[in-house]
file start_19.pdb (PDB, N, CA and C atoms)
ATOM      1  N   MET A 119     -17.626  -2.760   6.613  1.00  0.00           N
ATOM      2  CA  MET A 119     -16.580  -1.768   6.667  1.00  0.00           C
ATOM      3  C   MET A 119     -16.698  -0.845   5.452  1.00  0.00           C
ATOM      4  N   GLN A 120     -16.623   0.434   5.686  1.00  0.00           N
ATOM      5  CA  GLN A 120     -16.688   1.434   4.623  1.00  0.00           C
ATOM      6  C   GLN A 120     -15.297   1.606   4.013  1.00  0.00           C
ATOM      7  N   ILE A 121     -15.120   1.233   2.757  1.00  0.00           N
ATOM      8  CA  ILE A 121     -13.828   1.366   2.082  1.00  0.00           C
ATOM      9  C   ILE A 121     -13.833   2.563   1.146  1.00  0.00           C
ATOM     10  N   ASN A 122     -14.943   2.840   0.508  1.00  0.00           N
ATOM     11  CA  ASN A 122     -15.024   3.946  -0.431  1.00  0.00           C
ATOM     12  C   ASN A 122     -14.606   5.251   0.247  1.00  0.00           C
ATOM     13  N   ALA A 123     -13.655   5.959  -0.375  1.00  0.00           N
ATOM     14  CA  ALA A 123     -13.129   7.239   0.099  1.00  0.00           C
ATOM     15  C   ALA A 123     -12.297   7.127   1.376  1.00  0.00           C
ATOM     16  N   SER A 124     -11.892   5.918   1.754  1.00  0.00           N
ATOM     17  CA  SER A 124     -11.077   5.743   2.958  1.00  0.00           C
ATOM     18  C   SER A 124      -9.592   5.886   2.635  1.00  0.00           C
ATOM     19  N   VAL A 125      -8.781   5.955   3.686  1.00  0.00           N
ATOM     20  CA  VAL A 125      -7.327   5.965   3.576  1.00  0.00           C
ATOM     21  C   VAL A 125      -6.821   4.732   4.312  1.00  0.00           C
ATOM     22  N   ALA A 126      -5.886   3.992   3.674  1.00  0.00           N
ATOM     23  CA  ALA A 126      -5.405   2.745   4.264  1.00  0.00           C
ATOM     24  C   ALA A 126      -3.886   2.721   4.336  1.00  0.00           C
ATOM     25  N   PHE A 127      -3.369   1.956   5.288  1.00  0.00           N
ATOM     26  CA  PHE A 127      -1.935   1.722   5.450  1.00  0.00           C
ATOM     27  C   PHE A 127      -1.748   0.212   5.369  1.00  0.00           C
ATOM     28  N   VAL A 128      -0.981  -0.262   4.364  1.00  0.00           N
ATOM     29  CA  VAL A 128      -0.807  -1.693   4.133  1.00  0.00           C
ATOM     30  C   VAL A 128       0.666  -2.050   4.256  1.00  0.00           C
ATOM     31  N   THR A 129       0.993  -2.956   5.182  1.00  0.00           N
ATOM     32  CA  THR A 129       2.369  -3.436   5.299  1.00  0.00           C
ATOM     33  C   THR A 129       2.572  -4.630   4.373  1.00  0.00           C
ATOM     34  N   GLY A 130       3.817  -4.841   3.967  1.00  0.00           N
ATOM     35  CA  GLY A 130       4.114  -5.942   3.057  1.00  0.00           C
ATOM     36  C   GLY A 130       3.450  -5.765   1.708  1.00  0.00           C
ATOM     37  N   ALA A 131       3.330  -4.520   1.278  1.00  0.00           N
ATOM     38  CA  ALA A 131       2.542  -4.197   0.088  1.00  0.00           C
ATOM     39  C   ALA A 131       3.218  -4.556  -1.229  1.00  0.00           C
ATOM     40  N   ASN A 132       4.480  -4.951  -1.199  1.00  0.00           N
ATOM     41  CA  ASN A 132       5.176  -5.217  -2.453  1.00  0.00           C
ATOM     42  C   ASN A 132       4.939  -6.628  -2.991  1.00  0.00           C
ATOM     43  N   ARG A 133       4.307  -7.521  -2.191  1.00  0.00           N
ATOM     44  CA  ARG A 133       4.085  -8.882  -2.692  1.00  0.00           C
ATOM     45  C   ARG A 133       2.974  -9.578  -1.914  1.00  0.00           C
ATOM     46  N   GLY A 134       2.562 -10.701  -2.429  1.00  0.00           N
ATOM     47  CA  GLY A 134       1.623 -11.575  -1.740  1.00  0.00           C
ATOM     48  C   GLY A 134       0.330 -10.923  -1.308  1.00  0.00           C
ATOM     49  N   LEU A 135      -0.061 -11.218  -0.066  1.00  0.00           N
ATOM     50  CA  LEU A 135      -1.330 -10.709   0.471  1.00  0.00           C
ATOM     51  C   LEU A 135      -1.355  -9.186   0.566  1.00  0.00           C
ATOM     52  N   GLY A 136      -0.231  -8.581   0.912  1.00  0.00           N
ATOM     53  CA  GLY A 136      -0.181  -7.119   0.998  1.00  0.00           C
ATOM     54  C   GLY A 136      -0.468  -6.468  -0.336  1.00  0.00           C
ATOM     55  N   ARG A 137       0.139  -6.986  -1.397  1.00  0.00           N
ATOM     56  CA  ARG A 137      -0.091  -6.453  -2.744  1.00  0.00           C
ATOM     57  C   ARG A 137      -1.552  -6.656  -3.150  1.00  0.00           C
ATOM     58  N   ALA A 138      -2.091  -7.820  -2.852  1.00  0.00           N
ATOM     59  CA  ALA A 138      -3.493  -8.098  -3.184  1.00  0.00           C
ATOM     60  C   ALA A 138      -4.424  -7.155  -2.422  1.00  0.00           C
ATOM     61  N   LEU A 139      -4.076  -6.841  -1.193  1.00  0.00           N
ATOM     62  CA  LEU A 139      -4.895  -5.933  -0.396  1.00  0.00           C
ATOM     63  C   LEU A 139      -4.874  -4.519  -0.981  1.00  0.00           C
ATOM     64  N   VAL A 140      -3.709  -4.062  -1.425  1.00  0.00           N
ATOM     65  CA  VAL A 140      -3.618  -2.744  -2.075  1.00  0.00           C
ATOM     66  C   VAL A 140      -4.538  -2.711  -3.291  1.00  0.00           C
ATOM     67  N   ASP A 141      -4.440  -3.734  -4.134  1.00  0.00           N
ATOM     68  CA  ASP A 141      -5.270  -3.788  -5.344  1.00  0.00           C
ATOM     69  C   ASP A 141      -6.762  -3.808  -5.003  1.00  0.00           C
ATOM     70  N   ALA A 142      -7.132  -4.596  -3.995  1.00  0.00           N
ATOM     71  CA  ALA A 142      -8.542  -4.704  -3.607  1.00  0.00           C
ATOM     72  C   ALA A 142      -9.071  -3.388  -3.039  1.00  0.00           C
ATOM     73  N   LEU A 143      -8.274  -2.716  -2.232  1.00  0.00           N
ATOM     74  CA  LEU A 143      -8.694  -1.433  -1.662  1.00  0.00           C
ATOM     75  C   LEU A 143      -8.936  -0.402  -2.760  1.00  0.00           C
ATOM     76  N   LEU A 144      -8.019  -0.336  -3.722  1.00  0.00           N
ATOM     77  CA  LEU A 144      -8.182   0.614  -4.819  1.00  0.00           C
ATOM     78  C   LEU A 144      -9.406   0.272  -5.662  1.00  0.00           C
ATOM     79  N   ALA A 145      -9.603  -1.004  -5.927  1.00  0.00           N
ATOM     80  CA  ALA A 145     -10.755  -1.439  -6.735  1.00  0.00           C
ATOM     81  C   ALA A 145     -12.079  -1.110  -6.050  1.00  0.00           C
ATOM     82  N   ARG A 146     -12.074  -1.049  -4.730  1.00  0.00           N
ATOM     83  CA  ARG A 146     -13.305  -0.781  -3.983  1.00  0.00           C
ATOM     84  C   ARG A 146     -13.452   0.697  -3.595  1.00  0.00           C
ATOM     85  N   GLY A 147     -12.559   1.538  -4.151  1.00  0.00           N
ATOM     86  CA  GLY A 147     -12.748   2.967  -4.012  1.00  0.00           C
ATOM     87  C   GLY A 147     -11.977   3.676  -2.919  1.00  0.00           C
ATOM     88  N   ALA A 148     -10.948   3.047  -2.362  1.00  0.00           N
ATOM     89  CA  ALA A 148     -10.132   3.747  -1.365  1.00  0.00           C
ATOM     90  C   ALA A 148      -9.571   5.024  -1.983  1.00  0.00           C
ATOM     91  N   ARG A 149      -9.606   6.095  -1.218  1.00  0.00           N
ATOM     92  CA  ARG A 149      -9.109   7.381  -1.717  1.00  0.00           C
ATOM     93  C   ARG A 149      -7.596   7.370  -1.847  1.00  0.00           C
ATOM     94  N   HIS A 150      -6.902   6.779  -0.852  1.00  0.00           N
ATOM     95  CA  HIS A 150      -5.439   6.729  -0.869  1.00  0.00           C
ATOM     96  C   HIS A 150      -4.959   5.511  -0.095  1.00  0.00           C
ATOM     97  N   VAL A 151      -3.873   4.908  -0.584  1.00  0.00           N
ATOM     98  CA  VAL A 151      -3.261   3.770   0.100  1.00  0.00           C
ATOM     99  C   VAL A 151      -1.792   4.080   0.331  1.00  0.00           C
ATOM    100  N   TYR A 152      -1.359   3.961   1.579  1.00  0.00           N
ATOM    101  CA  TYR A 152       0.054   4.050   1.919  1.00  0.00           C
ATOM    102  C   TYR A 152       0.581   2.622   1.895  1.00  0.00           C
ATOM    103  N   ALA A 153       1.439   2.337   0.916  1.00  0.00           N
ATOM    104  CA  ALA A 153       1.971   0.994   0.703  1.00  0.00           C
ATOM    105  C   ALA A 153       3.336   0.910   1.365  1.00  0.00           C
ATOM    106  N   ALA A 154       3.450   0.071   2.386  1.00  0.00           N
ATOM    107  CA  ALA A 154       4.683  -0.013   3.158  1.00  0.00           C
ATOM    108  C   ALA A 154       5.428  -1.309   2.885  1.00  0.00           C
ATOM    109  N   GLY A 155       6.769  -1.200   2.916  1.00  0.00           N
ATOM    110  CA  GLY A 155       7.616  -2.369   2.738  1.00  0.00           C
ATOM    111  C   GLY A 155       9.043  -2.034   3.144  1.00  0.00           C
ATOM    112  N   ARG A 156       9.865  -3.054   3.290  1.00  0.00           N
ATOM    113  CA  ARG A 156      11.261  -2.848   3.708  1.00  0.00           C
ATOM    114  C   ARG A 156      12.093  -2.159   2.640  1.00  0.00           C
ATOM    115  N   ASP A 157      11.792  -2.425   1.371  1.00  0.00           N
ATOM    116  CA  ASP A 157      12.588  -1.925   0.257  1.00  0.00           C
ATOM    117  C   ASP A 157      11.723  -1.013  -0.619  1.00  0.00           C
ATOM    118  N   LEU A 158      12.041   0.270  -0.617  1.00  0.00           N
ATOM    119  CA  LEU A 158      11.249   1.215  -1.415  1.00  0.00           C
ATOM    120  C   LEU A 158      11.279   0.868  -2.897  1.00  0.00           C
ATOM    121  N   GLY A 159      12.411   0.384  -3.381  1.00  0.00           N
ATOM    122  CA  GLY A 159      12.520   0.025  -4.791  1.00  0.00           C
ATOM    123  C   GLY A 159      11.543  -1.058  -5.192  1.00  0.00           C
ATOM    124  N   ALA A 160      11.276  -1.985  -4.282  1.00  0.00           N
ATOM    125  CA  ALA A 160      10.340  -3.072  -4.563  1.00  0.00           C
ATOM    126  C   ALA A 160       8.903  -2.571  -4.647  1.00  0.00           C
ATOM    127  N   LEU A 161       8.648  -1.382  -4.124  1.00  0.00           N
ATOM    128  CA  LEU A 161       7.294  -0.820  -4.151  1.00  0.00           C
ATOM    129  C   LEU A 161       7.025   0.012  -5.402  1.00  0.00           C
ATOM    130  N   ASP A 162       8.058   0.248  -6.217  1.00  0.00           N
ATOM    131  CA  ASP A 162       7.881   1.056  -7.421  1.00  0.00           C
ATOM    132  C   ASP A 162       6.782   0.514  -8.335  1.00  0.00           C
ATOM    133  N   VAL A 163       6.762  -0.792  -8.508  1.00  0.00           N
ATOM    134  CA  VAL A 163       5.763  -1.398  -9.397  1.00  0.00           C
ATOM    135  C   VAL A 163       4.356  -1.253  -8.822  1.00  0.00           C
ATOM    136  N   VAL A 164       4.236  -1.232  -7.507  1.00  0.00           N
ATOM    137  CA  VAL A 164       2.938  -1.054  -6.860  1.00  0.00           C
ATOM    138  C   VAL A 164       2.454   0.378  -7.068  1.00  0.00           C
ATOM    139  N   VAL A 165       3.330   1.331  -6.821  1.00  0.00           N
ATOM    140  CA  VAL A 165       2.979   2.747  -6.970  1.00  0.00           C
ATOM    141  C   VAL A 165       2.648   3.064  -8.429  1.00  0.00           C
ATOM    142  N   ALA A 166       3.340   2.430  -9.359  1.00  0.00           N
ATOM    143  CA  ALA A 166       3.103   2.681 -10.779  1.00  0.00           C
ATOM    144  C   ALA A 166       1.674   2.327 -11.199  1.00  0.00           C
ATOM    145  N   HIS A 167       1.030   1.452 -10.446  1.00  0.00           N
ATOM    146  CA  HIS A 167      -0.351   1.060 -10.734  1.00  0.00           C
ATOM    147  C   HIS A 167      -1.301   2.267 -10.675  1.00  0.00           C
ATOM    148  N   ASP A 168      -1.084   3.167  -9.717  1.00  0.00           N
ATOM    149  CA  ASP A 168      -1.921   4.362  -9.569  1.00  0.00           C
ATOM    150  C   ASP A 168      -1.182   5.386  -8.705  1.00  0.00           C
ATOM    151  N   PRO A 169      -0.196   6.089  -9.283  1.00  0.00           N
ATOM    152  CA  PRO A 169       0.656   6.999  -8.500  1.00  0.00           C
ATOM    153  C   PRO A 169      -0.093   8.119  -7.776  1.00  0.00           C
ATOM    154  N   ALA A 170      -1.252   8.477  -8.259  1.00  0.00           N
ATOM    155  CA  ALA A 170      -2.019   9.541  -7.605  1.00  0.00           C
ATOM    156  C   ALA A 170      -2.663   9.063  -6.308  1.00  0.00           C
ATOM    157  N   ARG A 171      -2.850   7.746  -6.172  1.00  0.00           N
ATOM    158  CA  ARG A 171      -3.547   7.221  -4.998  1.00  0.00           C
ATOM    159  C   ARG A 171      -2.698   6.309  -4.123  1.00  0.00           C
ATOM    160  N   ILE A 172      -1.431   6.063  -4.511  1.00  0.00           N
ATOM    161  CA  ILE A 172      -0.564   5.183  -3.725  1.00  0.00           C
ATOM    162  C   ILE A 172       0.725   5.906  -3.376  1.00  0.00           C
ATOM    163  N   THR A 173       1.104   5.844  -2.109  1.00  0.00           N
ATOM    164  CA  THR A 173       2.369   6.403  -1.642  1.00  0.00           C
ATOM    165  C   THR A 173       3.178   5.284  -1.003  1.00  0.00           C
ATOM    166  N   ALA A 174       4.435   5.138  -1.451  1.00  0.00           N
ATOM    167  CA  ALA A 174       5.327   4.118  -0.891  1.00  0.00           C
ATOM    168  C   ALA A 174       5.992   4.652   0.378  1.00  0.00           C
ATOM    169  N   ILE A 175       6.097   3.784   1.372  1.00  0.00           N
ATOM    170  CA  ILE A 175       6.743   4.134   2.643  1.00  0.00           C
ATOM    171  C   ILE A 175       7.672   3.005   3.045  1.00  0.00           C
ATOM    172  N   ARG A 176       8.920   3.349   3.374  1.00  0.00           N
ATOM    173  CA  ARG A 176       9.842   2.339   3.890  1.00  0.00           C
ATOM    174  C   ARG A 176       9.444   2.043   5.324  1.00  0.00           C
ATOM    175  N   PHE A 177       9.189   0.756   5.610  1.00  0.00           N
ATOM    176  CA  PHE A 177       8.729   0.356   6.919  1.00  0.00           C
ATOM    177  C   PHE A 177       9.113  -1.099   7.157  1.00  0.00           C
ATOM    178  N   ASP A 178       9.829  -1.350   8.246  1.00  0.00           N
ATOM    179  CA  ASP A 178      10.253  -2.710   8.580  1.00  0.00           C
ATOM    180  C   ASP A 178       9.733  -3.041   9.970  1.00  0.00           C
ATOM    181  N   LEU A 179       8.760  -3.921  10.032  1.00  0.00           N
ATOM    182  CA  LEU A 179       8.172  -4.306  11.321  1.00  0.00           C
ATOM    183  C   LEU A 179       9.165  -4.957  12.273  1.00  0.00           C
ATOM    184  N   THR A 180      10.232  -5.540  11.731  1.00  0.00           N
ATOM    185  CA  THR A 180      11.208  -6.242  12.559  1.00  0.00           C
ATOM    186  C   THR A 180      12.288  -5.313  13.112  1.00  0.00           C
ATOM    187  N   ASP A 181      12.289  -4.046  12.711  1.00  0.00           N
ATOM    188  CA  ASP A 181      13.325  -3.100  13.141  1.00  0.00           C
ATOM    189  C   ASP A 181      12.739  -2.119  14.173  1.00  0.00           C
ATOM    190  N   PRO A 182      13.083  -2.311  15.448  1.00  0.00           N
ATOM    191  CA  PRO A 182      12.522  -1.425  16.477  1.00  0.00           C
ATOM    192  C   PRO A 182      12.994  -0.003  16.301  1.00  0.00           C
TER     193      PRO A 182
END

call {"tool": "encode", "arguments": {"input": "start_19.pdb", "output": "structure tokens"}}
result
Amino acid sequence: MQINASVAFVTGANRGLGRALVDALLARGARHVYAAGRDLGALDVVVAHDPARITAIRFDLTDP
């Protein structure tokens, strides 16, 4: 899979596997990561890691 210069959308990005995936994508050269989670405030620390390449999005998979 080509990750360098890609754009990714990661759910559950504020903790656990989602957070690890955001970090791994950035480390491998992803151009931009959309970090999704239920609480935008919880994503602040994720976005602070690289604000130019991470955008927080409120997204709840359980809410139709």

call {"tool": "atom_distance", "arguments": {"input": "start_19.pdb", "atom1": "CA of Phe177 (chain A)", "atom2": "CA of Gly147 (chain A)"}}
result
24.2 Å

call {"tool": "closest_residue", "arguments": {"input": "start_19.pdb", "among": "A:Val151, A:Val164, A:Leu139, A:Leu144", "to": "Ala126 (chain A)", "atoms": "all atoms listed in the file"}}
result
A:Val151

call {"tool": "resolve_selection", "arguments": {"input": "start_19.pdb", "expression": "the PyMOL selection byres (((chain A and resi 136 and name CA) around 12) and name CA)", "output": "ChimeraX atom specification"}}
result
/A:126-135,137-143,151-155,161,164

call {"tool": "atom_distance", "arguments": {"input": "start_19.pdb", "atom1": "atom C of Asp168 (chain A)", "atom2": "atom C of Arg149 (chain A)"}}
result
9.6 Å

call {"tool": "closest_residue", "arguments": {"input": "start_19.pdb", "among": "A:Ser124, A:His150, A:Asp162, A:Asp157", "to": "Arg176 (chain A)", "atoms": "all atoms listed in the file"}}
result
A:Asp157

call {"tool": "atom_distance", "arguments": {"input": "start_19.pdb", "atom1": "atom C of Arg146 (chain A)", "atom2": "atom N of Ile121 (chain A)"}}
result
6.6 Å

call {"tool": "select_by_dssp", "arguments": {"input": "start_19.pdb", "residues": "chain A", "states": "alpha helix (DSSP H)", "output": "ChimeraX atom specification"}}
result
/A:134-145,162-167

call {"tool": "closest_residue", "arguments": {"input": "start_19.pdb", "among": "A:Ala148, A:Thr180, A:His167, A:Thr173", "to": "Ala123 (chain A)", "atoms": "only C-alpha atoms"}}
result
A:Ala148

call {"tool": "select_by_dssp", "arguments": {"input": "start_19.pdb", "residues": "chain A", "states": "strand (DSSP E or B)", "output": "JSON list (two decimals) with N, CA and C atoms, keeping the file's coordinate frame"}}
result
[["chain", "number", "residue", "atom", "x", "y", "z"],
["A", 125, "VAL", "N", -8.78, 5.96, 3.69],
["A", 125, "VAL", "CA", -7.33, 5.96, 3.58],
["A", 125, "VAL", "C", -6.82, 4.73, 4.31],
["A", 126, "ALA", "N", -5.89, 3.99, 3.67],
["A", 126, "ALA", "CA", -5.40, 2.74, 4.26],
["A", 126, "ALA", "C", -3.89, 2.72, 4.34],
["A", 127, "PHE", "N", -3.37, 1.96, 5.29],
["A", 127, "PHE", "CA", -1.94, 1.72, 5.45],
["A", 127, "PHE", "C", -1.75, 0.21, 5.37],
["A", 128, "VAL", "N", -0.98, -0.26, 4.36],
["A", 128, "VAL", "CA", -0.81, -1.69, 4.13],
["A", 128, "VAL", "C", 0.67, -2.05, 4.26],
["A", 150, "HIS", "N", -6.90, 6.78, -0.85],
["A", 150, "HIS", "CA", -5.44, 6.73, -0.87],
["A", 150, "HIS", "C", -4.96, 5.51, -0.10],
["A", 151, "VAL", "N", -3.87, 4.91, -0.58],
["A", 151, "VAL", "CA", -3.26, 3.77, 0.10],
["A", 151, "VAL", "C", -1.79, 4.08, 0.33],
["A", 152, "TYR", "N", -1.36, 3.96, 1.58],
["A", 152, "TYR", "CA", 0.05, 4.05, 1.92],
["A", 152, "TYR", "C", 0.58, 2.62, 1.90],
["A", 153, "ALA", "N", 1.44, 2.34, 0.92],
["A", 153, "ALA", "CA", 1.97, 0.99, 0.70],
["A", 153, "ALA", "C", 3.34, 0.91, 1.36],
["A", 154, "ALA", "N", 3.45, 0.07, 2.39],
["A", 154, "ALA", "CA", 4.68, -0.01, 3.16],
["A", 154, "ALA", "C", 5.43, -1.31, 2.88],
["A", 155, "GLY", "N", 6.77, -1.20, 2.92],
["A", 155, "GLY", "CA", 7.62, -2.37, 2.74],
["A", 155, "GLY", "C", 9.04, -2.03, 3.14],
["A", 172, "ILE", "N", -1.43, 6.06, -4.51],
["A", 172, "ILE", "CA", -0.56, 5.18, -3.72],
["A", 172, "ILE", "C", 0.72, 5.91, -3.38],
["A", 173, "THR", "N", 1.10, 5.84, -2.11],
["A", 173, "THR", "CA", 2.37, 6.40, -1.64],
["A", 173, "THR", "C", 3.18, 5.28, -1.00],
["A", 174, "ALA", "N", 4.43, 5.14, -1.45],
["A", 174, "ALA", "CA", 5.33, 4.12, -0.89],
["A", 174, "ALA", "C", 5.99, 4.65, 0.38],
["A", 175, "ILE", "N", 6.10, 3.78, 1.37],
["A", 175, "ILE", "CA", 6.74, 4.13, 2.64],
["A", 175, "ILE", "C", 7.67, 3.00, 3.04],
["A", 176, "ARG", "N", 8.92, 3.35, 3.37],
["A", 176, "ARG", "CA", 9.84, 2.34, 3.89],
["A", 176, "ARG", "C", 9.44, 2.04, 5.32]]

call {"tool": "axis_aligned_box", "arguments": {"input": "start_19.pdb", "around": "region 172-180 of chain A", "padding_each_side": "8 Å", "output": "JSON"}}
result
{"center_x": 5.4, "center_y": 0.1, "center_z": 4.3, "size_x": 29.7, "size_y": 28.6, "size_z": 33.6}

call {"tool": "decode", "arguments": {"input": "start_19.pdb", "residues": "region 167-177 of chain A", "atoms": "all heavy atoms", "output": "PDB file, in the first residue's frame"}}
result
ATOM      1  N   HIS A 167      -0.136  17.485  17.538  1.00  0.00           N
ATOM      2  CA  HIS A 167       1.056  16.759  17.093  1.00  0.00           C
ATOM      3  C   HIS A 167       1.582  17.310  15.758  1.00  0.00           C
ATOM      4  O   HIS A 167       2.791  17.420  15.561  1.00  0.00           O
ATOM      5  CB  HIS A 167       0.724  15.269  16.978  1.00  0.00           C
ATOM      6  CG  HIS A 167       1.850  14.414  16.523  1.00  0.00           C
ATOM      7  ND1 HIS A 167       2.934  14.122  17.317  1.00  0.00           N
ATOM      8  CD2 HIS A 167       2.080  13.803  15.346  1.00  0.00           C
ATOM      9  CE1 HIS A 167       3.762  13.360  16.655  1.00  0.00           C
ATOM     10  NE2 HIS A 167       3.279  13.149  15.449  1.00  0.00           N
ATOM     11  N   ASP A 168       0.678  17.665  14.846  1.00  0.00           N
ATOM     12  CA  ASP A 168       1.064  18.210  13.541  1.00  0.00           C
ATOM     13  C   ASP A 168      -0.143  18.914  12.917  1.00  0.00           C
ATOM     14  O   ASP A 168      -0.800  18.372  12.025  1.00  0.00           O
ATOM     15  CB  ASP A 168       1.566  17.101  12.626  1.00  0.00           C
ATOM     16  CG  ASP A 168       2.265  17.620  11.383  1.00  0.00           C
ATOM     17  OD1 ASP A 168       2.096  18.814  11.051  1.00  0.00           O
ATOM     18  OD2 ASP A 168       2.977  16.847  10.744  1.00  0.00           O
ATOM     19  N   PRO A 169      -0.462  20.131  13.385  1.00  0.00           N
ATOM     20  CA  PRO A 169      -1.680  20.826  12.940  1.00  0.00           C
ATOM     21  C   PRO A 169      -1.763  21.080  11.433  1.00  0.00           C
ATOM     22  O   PRO A 169      -2.854  21.209  10.890  1.00  0.00           O
ATOM     23  CB  PRO A 169      -1.652  22.161  13.691  1.00  0.00           C
ATOM     24  CG  PRO A 169      -0.566  22.076  14.681  1.00  0.00           C
ATOM     25  CD  PRO A 169       0.288  20.899  14.354  1.00  0.00           C
ATOM     26  N   ALA A 170      -0.641  21.127  10.768  1.00  0.00           N
ATOM     27  CA  ALA A 170      -0.657  21.361   9.322  1.00  0.00           C
ATOM     28  C   ALA A 170      -1.108  20.126   8.551  1.00  0.00           C
ATOM     29  O   ALA A 170      -1.591  20.238   7.424  1.00  0.00           O
ATOM     30  CB  ALA A 170       0.734  21.782   8.842  1.00  0.00           C
ATOM     31  N   ARG A 171      -0.980  18.945   9.166  1.00  0.00           N
ATOM     32  CA  ARG A 171      -1.302  17.707   8.455  1.00  0.00           C
ATOM     33  C   ARG A 171      -2.451  16.917   9.066  1.00  0.00           C
ATOM     34  O   ARG A 171      -2.810  15.857   8.544  1.00  0.00           O
ATOM     35  CB  ARG A 171      -0.055  16.821   8.394  1.00  0.00           C
ATOM     36  CG  ARG A 171       1.025  17.426   7.532  1.00  0.00           C
ATOM     37  CD  ARG A 171       2.322  16.655   7.524  1.00  0.00           C
ATOM     38  NE  ARG A 171       2.187  15.231   7.659  1.00  0.00           N
ATOM     39  CZ  ARG A 171       3.196  14.414   7.931  1.00  0.00           C
ATOM     40  NH1 ARG A 171       4.407  14.883   8.095  1.00  0.00           N
ATOM     41  NH2 ARG A 171       3.012  13.126   8.046  1.00  0.00           N
ATOM     42  N   ILE A 172      -3.032  17.406  10.179  1.00  0.00           N
ATOM     43  CA  ILE A 172      -4.132  16.689  10.828  1.00  0.00           C
ATOM     44  C   ILE A 172      -5.327  17.612  10.985  1.00  0.00           C
ATOM     45  O   ILE A 172      -5.190  18.738  11.460  1.00  0.00           O
ATOM     46  CB  ILE A 172      -3.720  16.167  12.218  1.00  0.00           C
ATOM     47  CG1 ILE A 172      -2.484  15.293  12.139  1.00  0.00           C
ATOM     48  CG2 ILE A 172      -4.873  15.397  12.864  1.00  0.00           C
ATOM     49  CD1 ILE A 172      -1.900  14.923  13.502  1.00  0.00           C
ATOM     50  N   THR A 173      -6.495  17.126  10.593  1.00  0.00           N
ATOM     51  CA  THR A 173      -7.747  17.855  10.774  1.00  0.00           C
ATOM     52  C   THR A 173      -8.684  16.994  11.609  1.00  0.00           C
ATOM     53  O   THR A 173      -8.912  15.830  11.289  1.00  0.00           O
ATOM     54  CB  THR A 173      -8.414  18.148   9.417  1.00  0.00           C
ATOM     55  OG1 THR A 173      -7.516  18.934   8.620  1.00  0.00           O
ATOM     56  CG2 THR A 173      -9.726  18.888   9.591  1.00  0.00           C
ATOM     57  N   ALA A 174      -9.221  17.586  12.687  1.00  0.00           N
ATOM     58  CA  ALA A 174     -10.166  16.873  13.552  1.00  0.00           C
ATOM     59  C   ALA A 174     -11.577  16.972  12.971  1.00  0.00           C
ATOM     60  O   ALA A 174     -11.985  18.019  12.479  1.00  0.00           O
ATOM     61  CB  ALA A 174     -10.146  17.466  14.953  1.00  0.00           C
ATOM     62  N   ILE A 175     -12.300  15.865  13.045  1.00  0.00           N
ATOM     63  CA  ILE A 175     -13.685  15.810  12.562  1.00  0.00           C
ATOM     64  C   ILE A 175     -14.533  15.098  13.597  1.00  0.00           C
ATOM     65  O   ILE A 175     -14.169  14.015  14.055  1.00  0.00           O
ATOM     66  CB  ILE A 175     -13.768  15.039  11.222  1.00  0.00           C
ATOM     67  CG1 ILE A 175     -12.993  15.779  10.153  1.00  0.00           C
ATOM     68  CG2 ILE A 175     -15.212  14.831  10.801  1.00  0.00           C
ATOM     69  CD1 ILE A 175     -12.952  15.073   8.823  1.00  0.00           C
ATOM     70  N   ARG A 176     -15.659  15.714  13.970  1.00  0.00           N
ATOM     71  CA  ARG A 176     -16.594  15.041  14.870  1.00  0.00           C
ATOM     72  C   ARG A 176     -17.327  13.984  14.066  1.00  0.00           C
ATOM     73  O   ARG A 176     -17.935  14.262  13.035  1.00  0.00           O
ATOM     74  CB  ARG A 176     -17.588  16.025  15.470  1.00  0.00           C
ATOM     75  CG  ARG A 176     -18.464  15.355  16.527  1.00  0.00           C
ATOM     76  CD  ARG A 176     -19.679  16.186  16.831  1.00  0.00           C
ATOM     77  NE  ARG A 176     -20.718  15.599  17.602  1.00  0.00           N
ATOM     78  CZ  ARG A 176     -21.254  14.391  17.518  1.00  0.00           C
ATOM     79  NH1 ARG A 176     -20.801  13.527  16.677  1.00  0.00           N
ATOM     80  NH2 ARG A 176     -22.248  13.999  18.263  1.00  0.00           N
ATOM     81  N   PHE A 177     -17.261  12.730  14.544  1.00  0.00           N
ATOM     82  CA  PHE A 177     -17.854  11.624  13.830  1.00  0.00           C
ATOM     83  C   PHE A 177     -18.184  10.514  14.820  1.00  0.00           C
ATOM     84  O   PHE A 177     -17.313  10.046  15.546  1.00  0.00           O
ATOM     85  CB  PHE A 177     -16.868  11.112  12.766  1.00  0.00           C
ATOM     86  CG  PHE A 177     -17.416  10.038  11.875  1.00  0.00           C
ATOM     87  CD1 PHE A 177     -18.332  10.340  10.881  1.00  0.00           C
ATOM     88  CD2 PHE A 177     -16.999   8.736  12.018  1.00  0.00           C
ATOM     89  CE1 PHE A 177     -18.823   9.353  10.057  1.00  0.00           C
ATOM     90  CE2 PHE A 177     -17.494   7.723  11.188  1.00  0.00           C
ATOM     91  CZ  PHE A 177     -18.411   8.045  10.202  1.00  0.00           C
TER      92      PHE A 177
END
